[in-house]
Structures are given as C-alpha cells and as structure tokens.
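Source file model-v3.cif; content: mmCIF, C-alpha atoms and all ligand atoms.
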data_run
#
loop_
_atom_site.label_atom_id
_atom_site.label_comp_id
_atom_site.auth_asym_id
_atom_site.auth_seq_id
_atom_site.Cartn_x
_atom_site.Cartn_y
_atom_site.Cartn_z
CA MET Q 1 -151.62 136.98 -4.50
CA SER Q 2 -152.94 134.95 -7.40
CA GLU Q 3 -152.74 136.24 -10.97
CA VAL Q 4 -156.53 136.10 -11.41
CA CYS Q 5 -157.83 139.61 -12.17
CA VAL Q 6 -161.27 139.30 -10.63
CA ARG Q 7 -161.94 137.54 -7.36
CA VAL Q 8 -165.35 137.14 -5.79
CA ALA Q 9 -165.99 136.93 -2.06
CA VAL Q 10 -169.37 136.29 -0.46
CA ARG Q 11 -170.14 137.47 3.06
CA ILE Q 12 -173.11 136.29 5.09
CA ARG Q 13 -174.30 138.76 7.70
CA PRO Q 14 -175.81 137.63 11.02
CA LEU Q 15 -179.54 137.86 11.55
CA LEU Q 16 -180.48 141.32 12.82
CA PRO Q 17 -182.17 141.62 16.24
CA ARG Q 18 -185.49 142.39 14.57
CA GLU Q 19 -185.13 139.32 12.35
CA VAL Q 20 -184.45 137.14 15.42
CA LEU Q 21 -187.48 138.73 17.07
CA HIS Q 22 -189.63 137.77 14.11
CA ASN Q 23 -188.23 134.24 14.18
CA HIS Q 24 -186.53 134.48 10.77
CA GLN Q 25 -184.38 131.47 9.93
CA VAL Q 26 -180.85 131.30 8.52
CA CYS Q 27 -181.09 129.97 4.97
CA VAL Q 28 -177.45 130.18 3.84
CA ARG Q 29 -174.29 128.82 5.51
CA VAL Q 30 -170.59 128.51 4.75
CA VAL Q 31 -169.51 124.88 4.35
CA PRO Q 32 -166.84 124.53 7.07
CA GLY Q 33 -163.25 124.42 5.77
CA SER Q 34 -164.24 125.46 2.26
CA GLU Q 35 -164.97 128.56 0.20
CA GLN Q 36 -168.46 127.29 -0.59
CA VAL Q 37 -171.87 128.33 0.64
CA MET Q 38 -174.92 126.11 0.95
CA LEU Q 39 -178.25 127.67 0.11
CA GLY Q 40 -181.04 125.76 1.80
CA SER Q 41 -180.09 122.12 2.21
CA ASP Q 42 -178.71 121.14 -1.18
CA ARG Q 43 -177.57 124.06 -3.36
CA LEU Q 44 -173.82 124.66 -3.29
CA PHE Q 45 -172.01 127.71 -4.67
CA CYS Q 46 -168.20 128.22 -4.87
CA PHE Q 47 -166.39 131.52 -4.38
CA ASP Q 48 -162.81 132.70 -4.00
CA HIS Q 49 -163.69 133.54 -0.39
CA ALA Q 50 -166.74 132.62 1.68
CA PHE Q 51 -167.18 134.45 4.98
CA GLY Q 52 -169.71 133.30 7.56
CA SER Q 53 -171.68 135.53 9.91
CA THR Q 54 -169.07 135.44 12.69
CA VAL Q 55 -166.16 136.60 10.53
CA SER Q 56 -164.74 139.99 11.60
CA GLN Q 57 -164.20 143.10 9.53
CA ASP Q 58 -160.48 142.57 10.04
CA GLU Q 59 -160.53 139.07 8.55
CA VAL Q 60 -162.47 140.24 5.50
CA TYR Q 61 -160.05 143.12 4.98
CA GLU Q 62 -156.86 141.11 5.51
CA SER Q 63 -157.78 138.35 3.11
CA CYS Q 64 -159.55 140.28 0.35
CA VAL Q 65 -158.37 143.88 0.38
CA LEU Q 66 -154.95 144.26 2.00
CA PRO Q 67 -153.20 142.42 -0.88
CA LEU Q 68 -154.79 144.94 -3.27
CA VAL Q 69 -153.56 147.89 -1.22
CA GLU Q 70 -150.06 146.41 -1.30
CA SER Q 71 -150.16 146.04 -5.07
CA LEU Q 72 -151.55 149.58 -5.36
CA ILE Q 73 -148.38 150.87 -3.71
CA ASP Q 74 -146.43 148.87 -6.32
CA GLY Q 75 -148.22 150.82 -9.06
CA TYR Q 76 -151.16 148.58 -9.95
CA ASN Q 77 -154.80 149.65 -10.14
CA ALA Q 78 -157.35 147.99 -7.88
CA THR Q 79 -161.12 148.12 -7.41
CA VAL Q 80 -163.22 146.76 -4.57
CA PHE Q 81 -166.86 146.51 -5.49
CA CYS Q 82 -169.66 145.55 -3.08
CA TYR Q 83 -172.83 144.15 -4.56
CA GLY Q 84 -175.94 142.82 -2.91
CA GLN Q 85 -179.57 143.38 -2.20
CA THR Q 86 -180.71 146.10 0.15
CA GLY Q 87 -179.86 145.34 3.79
CA SER Q 88 -177.31 142.65 2.92
CA GLY Q 89 -174.34 144.47 4.51
CA LYS Q 90 -172.57 146.48 1.79
CA THR Q 91 -172.43 149.70 3.83
CA TYR Q 92 -171.34 147.81 6.95
CA THR Q 93 -168.55 146.04 5.08
CA LEU Q 94 -167.32 149.18 3.32
CA GLY Q 95 -168.03 151.92 5.84
CA GLY Q 96 -168.07 150.00 9.13
CA GLY Q 97 -170.36 149.61 12.11
CA ASN Q 98 -170.72 151.70 15.26
CA LEU Q 99 -167.74 150.33 17.22
CA ALA Q 100 -164.10 151.23 16.55
CA GLU Q 101 -163.20 147.60 15.86
CA ASP Q 102 -166.04 147.43 13.34
CA GLY Q 103 -164.19 149.84 11.02
CA GLY Q 104 -164.87 148.98 7.42
CA ILE Q 105 -162.75 148.60 4.32
CA ILE Q 106 -162.60 152.36 3.67
CA ASP Q 107 -161.19 153.11 7.15
CA ARG Q 108 -158.63 150.34 6.86
CA VAL Q 109 -157.52 151.25 3.33
CA ALA Q 110 -157.14 154.91 4.32
CA HIS Q 111 -154.95 153.87 7.26
CA ASP Q 112 -152.83 151.31 5.42
CA VAL Q 113 -152.21 153.43 2.31
CA PHE Q 114 -150.35 155.96 4.45
CA VAL Q 115 -148.54 153.32 6.50
CA LEU Q 116 -147.33 151.55 3.35
CA LEU Q 117 -146.43 154.81 1.59
CA GLY Q 118 -144.45 155.81 4.67
CA LYS Q 119 -142.48 152.56 4.51
CA THR Q 120 -141.94 152.95 0.75
CA THR Q 121 -140.62 156.48 1.01
CA GLN Q 122 -138.23 155.37 3.77
CA SER Q 123 -136.85 152.39 1.91
CA SER Q 124 -136.71 153.53 -1.73
CA ASP Q 125 -135.90 156.44 -4.04
CA VAL Q 126 -139.48 157.65 -3.89
CA GLU Q 127 -139.35 160.90 -1.94
CA LYS Q 128 -142.87 162.11 -2.23
CA ALA Q 129 -146.27 160.59 -2.90
CA THR Q 130 -149.60 162.31 -3.47
CA VAL Q 131 -152.88 160.74 -2.41
CA ARG Q 132 -156.14 162.00 -3.91
CA VAL Q 133 -159.54 160.91 -2.72
CA SER Q 134 -163.04 161.27 -4.08
CA TYR Q 135 -166.18 159.96 -2.41
CA ILE Q 136 -169.17 160.03 -4.73
CA GLU Q 137 -172.63 158.60 -4.20
CA LEU Q 138 -174.69 157.62 -7.23
CA TYR Q 139 -178.31 157.24 -6.14
CA ARG Q 140 -181.31 157.21 -8.45
CA GLU Q 141 -179.24 158.47 -11.38
CA GLU Q 142 -177.97 161.45 -9.35
CA LEU Q 143 -174.44 162.05 -8.13
CA ARG Q 144 -173.55 163.48 -4.77
CA ASP Q 145 -170.09 164.49 -3.57
CA LEU Q 146 -169.95 163.08 -0.03
CA LEU Q 147 -166.89 165.19 0.79
CA GLU Q 148 -168.67 168.38 -0.29
CA LEU Q 149 -172.25 167.89 0.78
CA HIS Q 150 -173.39 171.40 -0.15
CA THR Q 151 -172.73 170.63 -3.84
CA THR Q 152 -176.06 170.21 -5.57
CA HIS Q 153 -176.75 167.07 -7.58
CA LYS Q 154 -177.03 168.98 -10.82
CA GLU Q 155 -173.46 170.24 -10.55
CA LEU Q 156 -171.89 166.77 -10.86
CA HIS Q 157 -171.79 164.63 -13.96
CA ILE Q 158 -170.21 161.39 -15.10
CA ARG Q 159 -168.54 161.80 -18.49
CA GLU Q 160 -166.65 159.59 -20.87
CA ASP Q 161 -163.65 160.99 -22.70
CA ASP Q 162 -162.63 160.17 -26.28
CA ARG Q 163 -160.48 157.26 -25.01
CA GLY Q 164 -163.44 155.68 -23.22
CA ASN Q 165 -162.27 156.63 -19.71
CA THR Q 166 -165.03 157.63 -17.35
CA GLY Q 167 -164.75 160.25 -14.67
CA HIS Q 168 -166.88 162.65 -12.69
CA LEU Q 169 -166.71 166.40 -12.88
CA LYS Q 170 -168.50 169.53 -11.87
CA SER Q 171 -170.29 171.47 -14.59
CA HIS Q 172 -167.77 174.28 -14.52
CA VAL Q 173 -164.67 172.03 -14.76
CA ASP Q 174 -163.04 172.42 -18.17
CA LYS Q 175 -161.89 169.62 -20.47
CA GLN Q 176 -158.26 169.74 -19.34
CA ASP Q 177 -159.33 169.09 -15.75
CA PHE Q 178 -161.63 166.30 -16.88
CA ASP Q 179 -158.75 164.58 -18.69
CA TYR Q 180 -156.89 164.71 -15.41
CA ILE Q 181 -159.81 163.42 -13.32
CA SER Q 182 -160.57 160.55 -15.68
CA GLU Q 183 -156.97 159.47 -15.95
CA ASN Q 184 -156.82 159.23 -12.20
CA ASN Q 185 -159.99 157.20 -11.78
N1 LIG Q 201 -171.32 141.45 9.20
C1 LIG Q 201 -172.23 142.13 9.92
N2 LIG Q 201 -172.25 142.04 11.27
C2 LIG Q 201 -173.18 142.70 12.01
N3 LIG Q 201 -174.14 143.50 11.49
C3 LIG Q 201 -174.17 143.62 10.15
C4 LIG Q 201 -173.22 142.96 9.30
N4 LIG Q 201 -173.50 143.28 8.01
C5 LIG Q 201 -174.56 144.10 8.08
N5 LIG Q 201 -174.96 144.31 9.35
C6 LIG Q 201 -176.11 145.13 9.78
O1 LIG Q 201 -177.16 144.84 8.88
C7 LIG Q 201 -177.91 146.02 8.57
C8 LIG Q 201 -177.95 146.23 7.06
O2 LIG Q 201 -176.61 146.40 6.59
P1 LIG Q 201 -176.19 147.56 5.56
O3 LIG Q 201 -176.85 148.85 5.90
O4 LIG Q 201 -174.71 147.54 5.50
O5 LIG Q 201 -176.82 147.00 4.20
P2 LIG Q 201 -176.68 147.58 2.71
O6 LIG Q 201 -176.37 146.39 1.85
O7 LIG Q 201 -175.70 148.70 2.66
O8 LIG Q 201 -178.16 148.09 2.44
P3 LIG Q 201 -178.67 149.23 1.40
O9 LIG Q 201 -178.39 148.71 0.02
O10 LIG Q 201 -180.14 149.28 1.70
O11 LIG Q 201 -177.94 150.50 1.74
C9 LIG Q 201 -177.23 147.16 9.32
O12 LIG Q 201 -177.94 147.35 10.54
C10 LIG Q 201 -175.84 146.63 9.61
O13 LIG Q 201 -175.29 147.21 10.79
#

How does the structure come out when it is put into structure tokens?
Ligand SMILES: Nc1ncnc2c1ncn2[C@@H]1O[C@H](COP(=O)(O)OP(=O)(O)OP(=O)(O)O)[C@@H](O)[C@H]1O
Amino acid sequence: MSEVCVRVAVRIRPLLPREVLHNHQVCVRVVPGSEQVMLGSDRLFCFDHAFGSTVSQDEVYESCVLPLVESLIDGYNATVFCYGQTGSGKTYTLGGGNLAEDGGIIDRVAHDVFVLLGKTTQSSDVEKATVRVSYIELYREELRDLLELHTTHKELHIREDDRGNTGHLKSHVDKQDFDYISENN
C-alpha cells in the first residue's frame, strides 16, 4: 500500500428503478482504464480510485479497505469515511444491500478482522487479542447508540479530553472511563 495517508475513492451508483422510470440520464462516467471520472462531456476529475456503476461491493472492499484492515492488525490506525449527498450510496457501500453478496464494508471488515487476528495469533507470540466495537449514529446533532437502541439520545455525548482526543460517552460514565474510550477511538 502506498505511503499516502489519505486516499480518495469515488463510486458511481447505478440509476435506481424509479430514476429509469422517470427517464433520468447518467451524467457521470468513469473514463475506462483510468481513475478519472467525466462529469457531463468535458469535465474530468482524478481520484485514487474511480468505481463505475457495475463495480461490486467486493471490488470496492478489496481495493480500498482490505489493505487498511491488514495494517490495522499490524498496529496502525485506520478510518474509512463515506461522504456524499443523500441517496448517493453511502449506506449501501458501508452497510450493504439486501442480498448476501451485497454485504458492505462493515460486514467484510468484521469478518476479516477475526480471520486475520486468528492467523496472527497462530503465527506469532500474540496469544490474545481484544476487539471492541461501537456503532454510533450522529443525526441532527443527536447521538444514538445503534447497538443499544433503548439508550435515549440525551444519555450520549461527544467530549474532547485535555489532549484533544474526542470520544463518546454516556452521561454517567466517569472521567477515567472517558479517557479509556477516547484513547481507543
Ligand atoms: N452501488 C449500488 N448498487 C446498487 N444500488 C445502489 C448502489 N448504491 C446505492 N444503491 C441504492 O441507492 C439507494 C440510495 O442509496 P443509500 O441509501 O446507500 O444512500 P445514502 O447516501 O446512504 O443516502 P442518505 O444520506 O439519504 O442516507 C438505495 O436504494 C441503495 O440500495
């Protein structure tokens, strides 16, 4: 994997059935054999990866995310961040579609983290590894714990500690716990 810290991939989703029904037209295409997209007929934009509408979830994961999971197991930090206007495909790319083969980045990372940790513990001195997960939605300034849906919005907060680390915590969590949560985020 290259030494560049931030890499940007663009993914074009296919037209939705209702868009086809309403005769919407495709306005952005990947230039074949390149990592560029053409907007309209003459505006070119370059990315580290450019995925067209027929590219599978697997291809997106293997080229953009798997190398990060591998470096995570080697002790590096990694972030995957999806950005785009509403309906552009962020949830599909991260969380997956309806079919098993449409599994998104989250499903694949969850699977591969354990596969890779299993291999590491077999082949090295590392005997034990701990995996912690949090799944938080921030929507209209309110946080929601998606693994604990009964938690009310008001109980969760994002805080910054005196070293500038951010983390989330429940109102009743004390400072010691917050230090722990923020260090691990
Ligand atoms: N690559 C893709 N292949 C097939 N369908 C897709 C693809 N990307 C997105 N879609 C479909 O497009 C629709 C909108 O996608 P999605 O809900 O992921 O958008 P979003 O960016 O998360 O929107 P919002 O910000 O409003 O939550 C969904 O019906 C989704 O199944």

Quick one: contact table of chain Q to ligand LIG 201 (chain Q), 6 Å max, nearest atom pair and distance in Å to one decimal per residue, counting all atoms listed in the file, chain and number order, as CSV?
residue,atom,partner,partner_atom,distance
Q:Arg13,CA,Q:LIG201,N1,4.3
Q:Pro14,CA,Q:LIG201,N2,5.7
Q:Ser53,CA,Q:LIG201,N1,6.0
Q:Gly84,CA,Q:LIG201,O6,6.0
Q:Gln85,CA,Q:LIG201,O9,5.9
Q:Thr86,CA,Q:LIG201,O9,3.5
Q:Gly87,CA,Q:LIG201,O5,3.5
Q:Ser88,CA,Q:LIG201,O6,4.0
Q:Gly89,CA,Q:LIG201,O4,3.2
Q:Lys90,CA,Q:LIG201,O6,3.8
Q:Thr91,CA,Q:LIG201,O4,3.6
Q:Tyr92,CA,Q:LIG201,O4,3.7
Q:Gly97,CA,Q:LIG201,O13,5.6

Would you mind exporting the chosen residues as a JSON list (two decimals), in the coordinates of the input, restricted to C-alpha atoms?
[["chain", "number", "residue", "atom", "x", "y", "z"],
["Q", 13, "ARG", "CA", -174.30, 138.76, 7.70],
["Q", 14, "PRO", "CA", -175.81, 137.63, 11.02],
["Q", 53, "SER", "CA", -171.68, 135.53, 9.91],
["Q", 84, "GLY", "CA", -175.94, 142.82, -2.91],
["Q", 85, "GLN", "CA", -179.57, 143.38, -2.20],
["Q", 86, "THR", "CA", -180.71, 146.10, 0.15],
["Q", 87, "GLY", "CA", -179.86, 145.34, 3.79],
["Q", 88, "SER", "CA", -177.31, 142.65, 2.92],
["Q", 89, "GLY", "CA", -174.34, 144.47, 4.51],
["Q", 90, "LYS", "CA", -172.57, 146.48, 1.79],
["Q", 91, "THR", "CA", -172.43, 149.70, 3.83],
["Q", 92, "TYR", "CA", -171.34, 147.81, 6.95],
["Q", 97, "GLY", "CA", -170.36, 149.61, 12.11]]

Can you tell me, as lines of an AutoDock Vina configuration file, the centre and edge lengths (Å, one decimal) of the axis-aligned box enclosing all of region 77-86 of chain Q's listed atoms after padding each side by 8 Å?
center_x = -167.8
center_y = 146.2
center_z = -5.0
size_x = 41.9
size_y = 22.8
size_z = 26.3

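Of the residues under consideration (Q:Leu138, Q:Val126, Q:Cys5, Q:Leu116), Q:Cys5 shows the shortest atom-to-atom contact distance to Thr79 (chain Q) when counting all atoms listed in the file.
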
Legend entry - Nearest residue to Ser63 (chain Q) from the set Q:His24, Q:Arg29, Q:His49, Q:Arg140 (distances using all atoms listed in the file):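 For Ser63 (chain Q), the nearest of the candidates is Q:His49.
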
Legend entry - Two-atom distance - CA of Leu21 (chain Q), CA of Thr54 (chain Q) (Å): 19.2 Å

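Here CA of Arg11 (chain Q) and CA of Arg132 (chain Q) stand 29.1 Å from one another.
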
Inset, instruction - Using only C-alpha atoms, pick whichever of Q:Ala50, Q:Leu146, Q:Val109, Q:Leu39 has the shortest atom-to-atom distance to Pro67 (chain Q). - result: Q:Val109

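Within 10 Å of Thr93 (chain Q), once only C-alpha atoms are used and residues closer than 6 positions along the same chain are dropped, the contacting residues are Arg11, Arg13, Ser56, Gln57, Val60, Tyr61, Cys82, Asp102, Gly103, Gly104, Ile105 and Ile106 of chain Q.
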
Please save C-alpha atoms of the selected residues as a PDB file, keeping the file's coordinate frame.
ATOM      1  CA  ARG Q  11    -170.140 137.470   3.060  1.00  0.00           C
ATOM      2  CA  ARG Q  13    -174.300 138.760   7.700  1.00  0.00           C
ATOM      3  CA  SER Q  56    -164.740 139.990  11.600  1.00  0.00           C
ATOM      4  CA  GLN Q  57    -164.200 143.100   9.530  1.00  0.00           C
ATOM      5  CA  VAL Q  60    -162.470 140.240   5.500  1.00  0.00           C
ATOM      6  CA  TYR Q  61    -160.050 143.120   4.980  1.00  0.00           C
ATOM      7  CA  CYS Q  82    -169.660 145.550  -3.080  1.00  0.00           C
ATOM      8  CA  ASP Q 102    -166.040 147.430  13.340  1.00  0.00           C
ATOM      9  CA  GLY Q 103    -164.190 149.840  11.020  1.00  0.00           C
ATOM     10  CA  GLY Q 104    -164.870 148.980   7.420  1.00  0.00           C
ATOM     11  CA  ILE Q 105    -162.750 148.600   4.320  1.00  0.00           C
ATOM     12  CA  ILE Q 106    -162.600 152.360   3.670  1.00  0.00           C
TER      13      ILE Q 106
END

Inset, instruction - Tell me, as a list in words, which residues lie within 12 Å of Glu148 (chain Q), counting only C-alpha atoms; anything in the same chain fewer than 2 positions away does not count. - result: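 The contact residues come out as Ser134, Tyr135, Ile136, Glu137, Leu143, Arg144, Asp145, Leu146, His150, Thr151, Thr152, His153, Glu155, Leu156 and Lys170 of chain Q.
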
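Across the structure, CA of Glu35 (chain Q) and CA of Ile12 (chain Q) are spaced 12.2 Å apart.
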
Inset, instruction - Using only C-alpha atoms, pick whichever of Q:His22, Q:Arg7, Q:Arg108, Q:Val30 has the shortest atom-to-atom distance to Glu62 (chain Q). - result: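 That would be Q:Arg108, the residue with the smallest distance to Glu62 (chain Q).
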